[in-house]
$ cat upload-v6.txt   # compact mmCIF, C-alpha atoms and all ligand atoms
# COMPACT_ATOMS: atom_id res chain seq x y z
CA MET A 1 0.00 0.00 0.00
CA ALA A 2 1.15 3.49 -0.65
CA ILE A 3 -0.22 6.86 0.35
CA LYS A 4 0.10 9.36 -2.50
CA THR A 5 -0.02 13.09 -1.87
CA ARG A 6 1.38 16.24 -3.45
CA ILE A 7 4.39 15.73 -1.15
CA THR A 8 5.23 12.25 -2.51
CA GLU A 9 4.80 13.65 -6.04
CA LEU A 10 6.92 16.73 -5.40
CA PHE A 11 9.87 14.82 -3.97
CA GLY A 12 9.53 11.59 -5.93
CA ILE A 13 9.25 9.47 -2.79
CA GLU A 14 7.16 6.43 -1.96
CA HIS A 15 5.80 7.48 1.45
CA PRO A 16 4.92 10.99 2.70
CA ILE A 17 7.42 10.76 5.56
CA ILE A 18 10.36 13.11 5.94
CA GLN A 19 13.28 12.93 8.37
CA GLY A 20 13.96 16.49 9.48
CA GLY A 21 17.52 17.81 9.61
CA MET A 22 19.11 17.02 12.96
CA HIS A 23 22.42 18.36 14.19
CA TYR A 24 24.91 15.49 14.72
CA VAL A 25 22.25 12.92 13.74
CA GLY A 26 21.62 13.74 10.09
CA PHE A 27 24.70 12.04 8.67
CA ALA A 28 24.66 10.01 5.45
CA GLU A 29 23.76 6.81 7.35
CA MET A 30 20.55 8.35 8.71
CA ALA A 31 19.47 10.03 5.48
CA ALA A 32 20.23 6.97 3.33
CA ALA A 33 18.32 4.62 5.66
CA VAL A 34 15.20 6.81 5.50
CA SER A 35 15.39 7.29 1.73
CA GLU A 36 16.03 3.58 1.14
CA ALA A 37 12.90 2.81 3.18
CA GLY A 38 10.85 5.05 0.88
CA GLY A 39 10.82 8.27 2.92
CA LEU A 40 12.88 11.40 2.43
CA GLY A 41 16.18 11.36 4.31
CA ILE A 42 17.94 14.63 5.03
CA ILE A 43 21.63 15.32 5.69
CA THR A 44 22.21 18.19 8.14
CA GLY A 45 24.42 20.68 6.29
CA LEU A 46 25.88 22.64 9.17
CA THR A 47 26.94 19.54 11.12
CA GLN A 48 29.52 18.97 8.41
CA GLY A 49 31.23 22.27 9.28
CA THR A 50 32.60 23.12 5.81
CA PRO A 51 31.26 22.98 2.25
CA ASP A 52 33.97 20.44 1.30
CA LYS A 53 32.93 18.10 4.08
CA LEU A 54 29.28 18.50 3.09
CA ALA A 55 30.21 17.63 -0.51
CA ALA A 56 31.93 14.46 0.77
CA GLU A 57 28.92 13.55 2.92
CA ILE A 58 26.57 13.99 -0.06
CA ALA A 59 28.83 11.69 -2.12
CA ARG A 60 28.87 9.15 0.73
CA CYS A 61 25.06 9.22 0.90
CA ARG A 62 24.83 8.71 -2.84
CA ASP A 63 26.96 5.57 -2.46
CA MET A 64 24.40 4.25 0.03
CA THR A 65 21.20 5.00 -1.89
CA ASN A 66 19.97 5.74 -5.41
CA LYS A 67 16.78 7.26 -4.04
CA PRO A 68 16.17 10.97 -3.54
CA PHE A 69 17.54 12.58 -0.37
CA GLY A 70 17.85 16.17 0.75
CA VAL A 71 20.10 18.53 2.70
CA ASN A 72 19.01 20.74 5.60
CA LEU A 73 20.27 24.31 5.69
CA THR A 74 19.64 25.98 9.03
CA PHE A 75 20.03 29.74 9.12
CA LEU A 76 21.20 30.59 12.60
CA PRO A 77 21.58 33.91 14.33
CA ALA A 78 25.40 34.02 14.42
CA VAL A 79 28.02 36.71 14.82
CA THR A 80 30.20 34.99 12.23
CA PRO A 81 27.77 33.21 9.91
CA PRO A 82 28.72 29.82 8.45
CA ASP A 83 29.81 29.76 4.78
CA TYR A 84 26.24 29.61 3.39
CA PRO A 85 27.24 30.42 -0.21
CA GLY A 86 29.71 27.53 -0.04
CA PHE A 87 27.10 25.16 1.39
CA VAL A 88 24.59 26.09 -1.31
CA GLU A 89 27.25 25.50 -3.96
CA ALA A 90 28.11 22.09 -2.47
CA ILE A 91 24.43 21.13 -2.58
CA ILE A 92 23.97 22.21 -6.18
CA LYS A 93 27.26 20.72 -7.41
CA GLY A 94 26.49 17.54 -5.51
CA GLY A 95 23.32 17.16 -7.57
CA VAL A 96 21.02 17.29 -4.54
CA LYS A 97 17.54 18.32 -5.68
CA ILE A 98 15.80 18.80 -2.33
CA VAL A 99 16.66 21.27 0.41
CA GLU A 100 14.98 21.74 3.77
CA THR A 101 15.56 25.29 4.99
CA ALA A 102 14.92 26.39 8.56
CA GLY A 103 15.71 29.01 11.14
CA ASN A 104 15.23 32.09 8.98
CA ASN A 105 13.82 33.35 5.67
CA PRO A 106 15.63 31.50 2.83
CA GLN A 107 14.77 34.10 0.15
CA LYS A 108 18.36 35.10 -0.53
CA TRP A 109 19.28 31.53 -1.53
CA LEU A 110 16.20 30.65 -3.55
CA PRO A 111 17.21 32.01 -6.99
CA ALA A 112 20.40 29.89 -7.15
CA MET A 113 18.62 26.80 -5.90
CA LYS A 114 15.61 27.24 -8.19
CA GLU A 115 17.86 27.70 -11.18
CA ALA A 116 19.52 24.38 -10.35
CA GLY A 117 16.11 22.67 -10.14
CA VAL A 118 16.24 22.28 -6.35
CA ARG A 119 12.89 21.92 -4.58
CA VAL A 120 12.73 23.77 -1.29
CA ILE A 121 10.69 22.82 1.74
CA HIS A 122 10.88 25.50 4.40
CA LYS A 123 10.34 24.51 8.02
CA CYS A 124 8.67 27.12 10.19
CA THR A 125 6.52 27.42 13.27
CA SER A 126 3.73 29.82 12.31
CA VAL A 127 1.09 30.46 9.67
CA ARG A 128 2.56 33.87 8.86
CA HIS A 129 6.02 32.41 8.18
CA SER A 130 4.44 29.62 6.12
CA LEU A 131 2.63 32.20 3.99
CA LYS A 132 5.87 34.12 3.58
CA ALA A 133 7.59 30.92 2.41
CA GLU A 134 4.81 30.39 -0.12
CA ALA A 135 5.02 34.00 -1.32
CA ILE A 136 8.78 33.86 -1.94
CA GLY A 137 8.48 30.66 -3.97
CA CYS A 138 9.15 27.72 -1.65
CA ASP A 139 7.65 24.50 -3.00
CA ALA A 140 6.32 23.20 0.31
CA VAL A 141 6.35 23.92 4.03
CA SER A 142 7.04 21.84 7.10
CA VAL A 143 4.71 23.23 9.76
CA ASP A 144 6.42 22.72 13.11
CA GLY A 145 4.10 22.77 16.14
CA PHE A 146 4.88 23.66 19.74
CA GLU A 147 5.40 19.96 20.63
CA CYS A 148 8.44 19.70 18.40
CA GLY A 149 11.98 18.88 19.38
CA GLY A 150 14.36 21.77 18.71
CA HIS A 151 13.18 25.33 18.12
CA PRO A 152 9.39 25.75 18.37
CA GLY A 153 9.52 29.56 18.02
CA GLU A 154 7.83 31.88 20.47
CA ASP A 155 4.12 31.55 19.58
CA ASP A 156 3.47 28.23 21.38
CA VAL A 157 0.71 27.04 19.05
CA PRO A 158 0.38 23.23 19.10
CA ASN A 159 -0.32 21.23 15.97
CA PHE A 160 -4.01 20.64 16.68
CA ILE A 161 -4.51 24.34 15.96
CA LEU A 162 -1.51 25.16 13.81
CA LEU A 163 -2.09 22.52 11.11
CA PRO A 164 -5.74 23.32 10.33
CA ARG A 165 -4.84 27.02 10.43
CA ALA A 166 -2.08 26.37 7.89
CA ALA A 167 -4.56 24.38 5.78
CA GLU A 168 -6.95 27.33 5.80
CA GLU A 169 -4.33 29.64 4.35
CA LEU A 170 -1.74 27.76 2.30
CA LYS A 171 -1.94 26.76 -1.34
CA ILE A 172 1.35 24.87 -1.47
CA PRO A 173 1.44 21.45 0.20
CA PHE A 174 2.70 21.11 3.75
CA VAL A 175 3.75 18.35 6.12
CA ALA A 176 3.07 18.22 9.84
CA SER A 177 6.15 18.41 12.03
CA GLY A 178 6.44 18.03 15.79
CA GLY A 179 5.03 15.17 17.82
CA MET A 180 4.79 12.76 14.89
CA ALA A 181 5.59 9.14 15.74
CA ASP A 182 3.49 6.56 13.92
CA GLY A 183 0.49 5.78 11.71
CA ARG A 184 -1.85 7.56 14.11
CA SER A 185 0.20 10.74 13.72
CA LEU A 186 0.16 10.46 9.94
CA VAL A 187 -3.59 9.95 9.68
CA ALA A 188 -4.29 12.72 12.20
CA ALA A 189 -1.96 15.11 10.38
CA MET A 190 -3.66 14.34 7.08
CA ALA A 191 -7.09 14.82 8.64
CA LEU A 192 -5.96 18.28 9.71
CA GLY A 193 -4.85 19.18 6.19
CA ALA A 194 -1.21 18.08 5.96
CA GLU A 195 -0.02 15.89 3.10
CA GLY A 196 2.61 14.04 5.05
CA MET A 197 4.71 14.26 8.17
CA ASN A 198 8.19 15.24 9.27
CA MET A 199 9.76 13.33 12.15
CA GLY A 200 12.86 14.26 14.09
CA THR A 201 13.09 12.69 17.54
CA ARG A 202 11.38 9.41 16.50
CA PHE A 203 14.08 8.72 13.88
CA ILE A 204 16.85 9.00 16.50
CA ALA A 205 15.55 5.87 18.23
CA THR A 206 16.24 3.58 15.28
CA LYS A 207 18.94 0.98 14.70
CA GLU A 208 20.56 2.96 11.88
CA ALA A 209 20.64 6.38 13.62
CA PRO A 210 24.38 7.12 13.88
CA VAL A 211 24.30 8.15 17.54
CA HIS A 212 25.47 6.63 20.82
CA GLU A 213 23.26 3.86 22.24
CA ASN A 214 22.73 5.96 25.41
CA VAL A 215 20.81 8.53 23.37
CA LYS A 216 18.43 5.89 21.99
CA GLN A 217 17.90 4.38 25.45
CA ALA A 218 17.24 7.85 26.90
CA LEU A 219 14.44 8.33 24.36
CA VAL A 220 12.86 4.98 25.18
CA ALA A 221 13.06 5.78 28.90
CA ALA A 222 11.70 9.34 28.60
CA SER A 223 8.03 10.25 28.93
CA GLU A 224 6.09 13.13 27.41
CA LEU A 225 6.75 15.05 30.63
CA ASP A 226 10.53 15.00 30.31
CA THR A 227 11.26 17.86 27.92
CA ARG A 228 11.98 21.43 28.95
CA LEU A 229 12.03 24.77 27.13
CA ILE A 230 15.37 26.54 27.44
CA MET A 231 16.62 29.95 26.24
CA ARG A 232 13.14 31.47 26.25
CA PRO A 233 14.47 34.68 27.86
CA LEU A 234 16.83 35.00 24.87
CA ARG A 235 13.92 34.49 22.42
CA ASN A 236 15.76 31.46 21.07
CA THR A 237 13.54 28.84 22.70
CA GLU A 238 14.65 25.23 22.34
CA ARG A 239 12.82 22.11 23.48
CA VAL A 240 15.35 19.71 25.01
CA LEU A 241 15.39 16.53 27.06
CA ASN A 242 15.72 17.32 30.74
CA ASN A 243 18.99 16.43 32.46
CA ALA A 244 21.34 17.81 35.13
CA ALA A 245 22.80 20.47 32.81
CA VAL A 246 19.31 21.61 31.74
CA GLU A 247 18.23 21.91 35.39
CA ARG A 248 21.33 24.03 36.04
CA LEU A 249 20.59 26.21 33.01
CA LEU A 250 16.97 26.75 34.04
CA GLU A 251 18.11 27.71 37.54
CA LYS A 252 20.35 30.39 35.96
CA GLU A 253 17.39 31.62 33.89
CA ARG A 254 15.31 31.90 37.07
CA THR A 255 18.00 33.67 39.07
CA LEU A 256 19.26 36.06 36.41
CA GLY A 257 15.85 36.89 34.93
CA GLU A 258 16.06 39.60 32.32
CA LYS A 259 19.79 39.99 32.88
CA LEU A 260 20.49 36.58 31.35
CA THR A 261 22.87 36.59 28.37
CA PHE A 262 24.09 33.79 26.14
CA ALA A 263 27.48 33.92 27.92
CA ASP A 264 25.79 32.84 31.17
CA ILE A 265 24.63 29.53 29.73
CA ILE A 266 27.37 28.81 27.24
CA GLU A 267 28.64 25.86 29.26
CA GLU A 268 25.25 24.12 29.03
CA VAL A 269 24.69 24.66 25.30
CA ALA A 270 27.91 25.20 23.36
CA GLY A 271 29.72 22.21 21.87
CA VAL A 272 27.25 19.84 23.47
CA TYR A 273 26.09 17.81 20.46
CA PRO A 274 29.23 15.74 19.76
CA ARG A 275 29.53 14.92 23.46
CA ILE A 276 25.93 13.70 23.60
CA MET A 277 25.50 12.11 20.18
CA LYS A 278 28.97 10.61 19.73
CA SER A 279 30.18 9.96 23.28
CA GLY A 280 26.81 9.37 24.95
CA GLU A 281 27.53 11.81 27.82
CA MET A 282 23.87 12.28 28.61
CA ASP A 283 24.33 15.14 31.09
CA ALA A 284 26.70 17.19 28.91
CA GLY A 285 24.10 19.85 28.12
CA GLY A 286 20.80 20.67 26.43
CA TRP A 287 19.97 18.69 23.28
CA SER A 288 16.84 18.95 21.17
CA CYS A 289 14.13 16.42 21.91
CA GLY A 290 10.39 16.46 21.29
CA MET A 291 7.50 15.63 23.61
CA VAL A 292 7.02 12.68 21.25
CA ALA A 293 9.64 10.91 23.40
CA GLY A 294 6.57 9.74 25.36
CA LEU A 295 5.47 7.75 22.31
CA ILE A 296 8.84 6.09 21.73
CA HIS A 297 8.98 2.62 23.24
CA ASP A 298 11.40 0.71 21.02
CA ILE A 299 14.36 0.92 18.67
CA PRO A 300 13.26 -0.56 15.32
CA THR A 301 15.12 -0.35 12.02
CA VAL A 302 14.12 2.65 9.93
CA LYS A 303 12.40 0.33 7.46
CA GLU A 304 10.41 -1.37 10.23
CA LEU A 305 9.38 2.05 11.54
CA ILE A 306 8.25 3.35 8.16
CA ASP A 307 6.56 0.11 7.07
CA ARG A 308 4.58 -0.22 10.28
CA THR A 309 3.65 3.48 10.16
CA ILE A 310 2.14 3.08 6.71
CA ALA A 311 0.45 -0.22 7.64
CA GLU A 312 -1.00 1.36 10.78
CA ALA A 313 -2.21 4.38 8.80
CA GLU A 314 -3.90 2.09 6.30
CA GLY A 315 -5.56 0.09 9.08
CA LEU A 316 -6.85 3.29 10.68
CA LEU A 317 -8.24 4.63 7.43
CA ARG A 318 -9.80 1.45 6.15
CA LYS A 319 -10.95 -0.17 9.37
CA ARG A 320 -11.04 1.86 12.56
CA LEU A 321 -12.19 5.19 11.14
CA ALA A 322 -14.29 3.75 8.33
CA GLY A 323 -15.93 1.55 10.99
CA TYR A 324 -17.44 4.58 12.70
CA LEU A 325 -19.44 5.47 9.61
CA ALA A 326 -23.04 4.65 10.35
C1 LIG B 1 18.53 16.19 18.10
C2 LIG B 1 17.81 17.12 17.17
C3 LIG B 1 18.55 18.02 16.43
C4 LIG B 1 17.90 18.90 15.54
N1 LIG B 1 18.66 19.74 14.76
C5 LIG B 1 18.04 20.50 13.81
C6 LIG B 1 18.80 21.32 12.94
O1 LIG B 1 20.04 21.36 13.00
N2 LIG B 1 18.14 22.04 12.01
C7 LIG B 1 16.77 22.02 11.90
O2 LIG B 1 16.22 22.67 11.02
N3 LIG B 1 16.02 21.27 12.74
C8 LIG B 1 16.62 20.52 13.68
N4 LIG B 1 15.86 19.71 14.51
C9 LIG B 1 14.38 19.70 14.34
C10 LIG B 1 13.90 18.52 13.47
O3 LIG B 1 14.34 18.63 12.16
C11 LIG B 1 12.37 18.44 13.44
O4 LIG B 1 11.84 19.62 12.92
C12 LIG B 1 11.78 18.20 14.82
O5 LIG B 1 12.54 17.24 15.50
C13 LIG B 1 10.33 17.75 14.70
O6 LIG B 1 9.79 17.49 15.96
P1 LIG B 1 9.79 16.02 16.65
O7 LIG B 1 11.13 15.90 17.28
O8 LIG B 1 8.68 16.10 17.60
O9 LIG B 1 9.60 15.01 15.55
C14 LIG B 1 16.49 18.86 15.41
C15 LIG B 1 15.76 17.97 16.20
C16 LIG B 1 16.39 17.10 17.07
C17 LIG B 1 15.56 16.15 17.88
$ encode --input "upload-v6.txt" --output "structure tokens" --more "lines below"
Ligand SMILES: Cc1cc2nc3c(=O)[nH]c(=O)nc-3n(C[C@H](O)[C@H](O)[C@H](O)COP(=O)(O)O)c2cc1C
Amino acid sequence: MAIKTRITELFGIEHPIIQGGMHYVGFAEMAAAVSEAGGLGIITGLTQGTPDKLAAEIARCRDMTNKPFGVNLTFLPAVTPPDYPGFVEAIIKGGVKIVETAGNNPQKWLPAMKEAGVRVIHKCTSVRHSLKAEAIGCDAVSVDGFECGGHPGEDDVPNFILLPRAAEELKIPFVASGGMADGRSLVAAMALGAEGMNMGTRFIATKEAPVHENVKQALVAASELDTRLIMRPLRNTERVLNNAAVERLLEKERTLGEKLTFADIIEEVAGVYPRIMKSGEMDAGGWSCGMVAGLIHDIPTVKELIDRTIAEAEGLLRKRLAGYLA
């Protein structure tokens, strides 16, 4: 069985399931596993550090799969910005035809990408930013609700409201992002107007995810009550899994109040990802994690996860939901 939507058509994929860019998770192994299983895998551009390394990672991914995969470009607020022109060039020269942008308006980079035939899906957390993405020529949007792992923005609108609101306004197709875990999520997202779903956290707890086993076990152990919002006073809110470093950071936020600066919390957030994802030091600092952790109870292969998601979605549509019709 396959579920066909404008998203599967746009990206040339079998299932409307995307793996969102994830810092220190979105390596070639992750992206290739998702694409091989019929979804859309995404390499995280900035994790590679330099355009040359990104080019090598794209080549490595191409050795692992002949199916379409994408690259995530996250536009961060930074004093010294990463080499974005170089990253865009590496993507285009590497023949990648799908880019997930996030973090900020991608307008500046669209002409070059469009000219190279790259399809752009912009991930954002509000209807107004989704409409902006549509207006500047993005092909699709990933609508990221308040539940999501990573940066939910500052509006705090959960997907039960955000998705139907996006459906009311958007003409381009969109996927639901944040809190998505299984066939129930996919069917619910589609009922609310989305044409597929984007998963982050759920894909980390898979056999192929190239992260330390401790990270996967932490996700299985965590409940939906175990995430925290950090950096809200800096208007750079991030949803992370709670741990000793996060507790310390939140205590600083409480004590310093409006006086808090990035320098005060640098120890809990800077350089944390390799320590967590590679070395499995689970208390090293704050790392993105969605409330969906509460729905993660096992560590399947990516193919098992995607196949059972589609089978569950089909069962829901054909049996459970159809069964309510009088
Ligand atoms: C560990 C981790 C790292 C992430 N890093 C990035 C990133 O670098 N760029 C980005 O656009 N999104 C990033 N995200 C967000 C995901 O792409 C996705 O939007 C989000 O995880 C969806 O919510 P979910 O975790 O509830 O599925 C990250 C998420 C996680 C869990």
$ residues_near_ligand --input "upload-v6.txt" --ligand "ligand LIG 1 (chain B)" --cutoff "9 Å" --atoms "all atoms listed in the file" --output "tab-separated table (two decimals) with C-alpha atoms, keeping the file's coordinate frame"
chain	number	residue	atom	x	y	z
A	19	GLN	CA	13.28	12.93	8.37
A	20	GLY	CA	13.96	16.49	9.48
A	21	GLY	CA	17.52	17.81	9.61
A	22	MET	CA	19.11	17.02	12.96
A	23	HIS	CA	22.42	18.36	14.19
A	24	TYR	CA	24.91	15.49	14.72
A	25	VAL	CA	22.25	12.92	13.74
A	26	GLY	CA	21.62	13.74	10.09
A	42	ILE	CA	17.94	14.63	5.03
A	44	THR	CA	22.21	18.19	8.14
A	45	GLY	CA	24.42	20.68	6.29
A	46	LEU	CA	25.88	22.64	9.17
A	47	THR	CA	26.94	19.54	11.12
A	72	ASN	CA	19.01	20.74	5.60
A	73	LEU	CA	20.27	24.31	5.69
A	74	THR	CA	19.64	25.98	9.03
A	75	PHE	CA	20.03	29.74	9.12
A	100	GLU	CA	14.98	21.74	3.77
A	101	THR	CA	15.56	25.29	4.99
A	102	ALA	CA	14.92	26.39	8.56
A	103	GLY	CA	15.71	29.01	11.14
A	122	HIS	CA	10.88	25.50	4.40
A	123	LYS	CA	10.34	24.51	8.02
A	124	CYS	CA	8.67	27.12	10.19
A	142	SER	CA	7.04	21.84	7.10
A	143	VAL	CA	4.71	23.23	9.76
A	144	ASP	CA	6.42	22.72	13.11
A	145	GLY	CA	4.10	22.77	16.14
A	146	PHE	CA	4.88	23.66	19.74
A	147	GLU	CA	5.40	19.96	20.63
A	148	CYS	CA	8.44	19.70	18.40
A	149	GLY	CA	11.98	18.88	19.38
A	150	GLY	CA	14.36	21.77	18.71
A	151	HIS	CA	13.18	25.33	18.12
A	152	PRO	CA	9.39	25.75	18.37
A	176	ALA	CA	3.07	18.22	9.84
A	177	SER	CA	6.15	18.41	12.03
A	178	GLY	CA	6.44	18.03	15.79
A	179	GLY	CA	5.03	15.17	17.82
A	180	MET	CA	4.79	12.76	14.89
A	181	ALA	CA	5.59	9.14	15.74
A	197	MET	CA	4.71	14.26	8.17
A	198	ASN	CA	8.19	15.24	9.27
A	199	MET	CA	9.76	13.33	12.15
A	200	GLY	CA	12.86	14.26	14.09
A	201	THR	CA	13.09	12.69	17.54
A	202	ARG	CA	11.38	9.41	16.50
A	203	PHE	CA	14.08	8.72	13.88
A	204	ILE	CA	16.85	9.00	16.50
A	239	ARG	CA	12.82	22.11	23.48
A	240	VAL	CA	15.35	19.71	25.01
A	273	TYR	CA	26.09	17.81	20.46
A	277	MET	CA	25.50	12.11	20.18
A	287	TRP	CA	19.97	18.69	23.28
A	288	SER	CA	16.84	18.95	21.17
A	289	CYS	CA	14.13	16.42	21.91
A	290	GLY	CA	10.39	16.46	21.29
A	291	MET	CA	7.50	15.63	23.61
A	292	VAL	CA	7.02	12.68	21.25
A	293	ALA	CA	9.64	10.91	23.40
$ closest_atom_pairs --input "upload-v6.txt" --of "segment 145-218 of chain A" --to "segment 133-141 of chain A" --cutoff "8 Å" --atoms "all atoms listed in the file" --output "Markdown table"
| residue | atom | partner | partner_atom | distance |
| --- | --- | --- | --- | --- |
| A:Leu170 | CA | A:Glu134 | CA | 7.5 |
| A:Lys171 | CA | A:Glu134 | CA | 7.8 |
| A:Ile172 | CA | A:Ala140 | CA | 5.5 |
| A:Pro173 | CA | A:Ala140 | CA | 5.2 |
| A:Phe174 | CA | A:Val141 | CA | 4.6 |
| A:Val175 | CA | A:Val141 | CA | 6.5 |
$ residues_around --input "upload-v6.txt" --residues "Asn214 of chain A" --least-positions-apart "6" --cutoff "10 Å" --atoms "all atoms listed in the file" --output "number ranges by chain"
A: 220, 276-282
$ write_last_selection --input "upload-v6.txt" --atoms "C-alpha atoms" --output "tab-separated table (two decimals), in the coordinates of the input"
chain	number	residue	atom	x	y	z
A	220	VAL	CA	12.86	4.98	25.18
A	276	ILE	CA	25.93	13.70	23.60
A	277	MET	CA	25.50	12.11	20.18
A	278	LYS	CA	28.97	10.61	19.73
A	279	SER	CA	30.18	9.96	23.28
A	280	GLY	CA	26.81	9.37	24.95
A	281	GLU	CA	27.53	11.81	27.82
A	282	MET	CA	23.87	12.28	28.61
$ atom_distance --input "upload-v6.txt" --atom1 "atom CA of Pro16 of chain A" --atom2 "atom CA of Gly196 of chain A"
4.5 Å
$ closest_residue --input "upload-v6.txt" --among "A:His297, A:Glu154, A:Ile13, A:Arg308" --to "Leu229 of chain A" --atoms "all atoms listed in the file"
A:Glu154
$ atom_distance --input "upload-v6.txt" --atom1 "atom CA of Asp283 of chain A" --atom2 "atom CA of Ala218 of chain A"
11.0 Å
$ residues_near_point --input "upload-v6.txt" --point "(12.0, -1.5, 5.2)" --cutoff "12 Å" --atoms "all atoms listed in the file" --output "number ranges by chain"
A: 14-15, 32-39, 208, 300-311
$ write_last_selection --input "upload-v6.txt" --atoms "C-alpha atoms" --output "PDB file, keeping the file's coordinate frame"
ATOM      1  CA  GLU A  14       7.160   6.430  -1.960  1.00  0.00           C
ATOM      2  CA  HIS A  15       5.800   7.480   1.450  1.00  0.00           C
ATOM      3  CA  ALA A  32      20.230   6.970   3.330  1.00  0.00           C
ATOM      4  CA  ALA A  33      18.320   4.620   5.660  1.00  0.00           C
ATOM      5  CA  VAL A  34      15.200   6.810   5.500  1.00  0.00           C
ATOM      6  CA  SER A  35      15.390   7.290   1.730  1.00  0.00           C
ATOM      7  CA  GLU A  36      16.030   3.580   1.140  1.00  0.00           C
ATOM      8  CA  ALA A  37      12.900   2.810   3.180  1.00  0.00           C
ATOM      9  CA  GLY A  38      10.850   5.050   0.880  1.00  0.00           C
ATOM     10  CA  GLY A  39      10.820   8.270   2.920  1.00  0.00           C
ATOM     11  CA  GLU A 208      20.560   2.960  11.880  1.00  0.00           C
ATOM     12  CA  PRO A 300      13.260  -0.560  15.320  1.00  0.00           C
ATOM     13  CA  THR A 301      15.120  -0.350  12.020  1.00  0.00           C
ATOM     14  CA  VAL A 302      14.120   2.650   9.930  1.00  0.00           C
ATOM     15  CA  LYS A 303      12.400   0.330   7.460  1.00  0.00           C
ATOM     16  CA  GLU A 304      10.410  -1.370  10.230  1.00  0.00           C
ATOM     17  CA  LEU A 305       9.380   2.050  11.540  1.00  0.00           C
ATOM     18  CA  ILE A 306       8.250   3.350   8.160  1.00  0.00           C
ATOM     19  CA  ASP A 307       6.560   0.110   7.070  1.00  0.00           C
ATOM     20  CA  ARG A 308       4.580  -0.220  10.280  1.00  0.00           C
ATOM     21  CA  THR A 309       3.650   3.480  10.160  1.00  0.00           C
ATOM     22  CA  ILE A 310       2.140   3.080   6.710  1.00  0.00           C
ATOM     23  CA  ALA A 311       0.450  -0.220   7.640  1.00  0.00           C
TER      24      ALA A 311
END
$ atom_distance --input "upload-v6.txt" --atom1 "atom CA of Ile58 of chain A" --atom2 "atom CA of Arg275 of chain A"
23.7 Å
$ closest_residue --input "upload-v6.txt" --among "A:Gly94, A:Gly285, A:Pro82, A:Gly70" --to "Arg119 of chain A" --atoms "only C-alpha atoms"
A:Gly70
$ closest_residue --input "upload-v6.txt" --among "A:Thr125, A:Val88, A:Glu268, A:Ala221" --to "Trp109 of chain A" --atoms "all atoms listed in the file"
A:Val88
$ residues_near_point --input "upload-v6.txt" --point "(30.2, 9.0, 2.8)" --cutoff "12 Å" --atoms "only C-alpha atoms" --output "number ranges by chain"
A: 27-32, 43, 48, 53-65
$ closest_residue --input "upload-v6.txt" --among "A:Gln107, A:Leu219, A:Ala270, A:Leu186" --to "Ile296 of chain A" --atoms "all atoms listed in the file"
A:Leu219
$ decode --input "upload-v6.txt" --residues "segment 241-253 of chain A" --atoms "C-alpha atoms" --output "JSON list (two decimals), in the first residue's frame"
[["chain", "number", "residue", "atom", "x", "y", "z"],
["A", 241, "LEU", "CA", 15.39, 16.53, 27.06],
["A", 242, "ASN", "CA", 15.72, 17.32, 30.74],
["A", 243, "ASN", "CA", 18.99, 16.43, 32.46],
["A", 244, "ALA", "CA", 21.34, 17.81, 35.13],
["A", 245, "ALA", "CA", 22.80, 20.47, 32.81],
["A", 246, "VAL", "CA", 19.31, 21.61, 31.74],
["A", 247, "GLU", "CA", 18.23, 21.91, 35.39],
["A", 248, "ARG", "CA", 21.33, 24.03, 36.04],
["A", 249, "LEU", "CA", 20.59, 26.21, 33.01],
["A", 250, "LEU", "CA", 16.97, 26.75, 34.04],
["A", 251, "GLU", "CA", 18.11, 27.71, 37.54],
["A", 252, "LYS", "CA", 20.35, 30.39, 35.96],
["A", 253, "GLU", "CA", 17.39, 31.62, 33.89]]
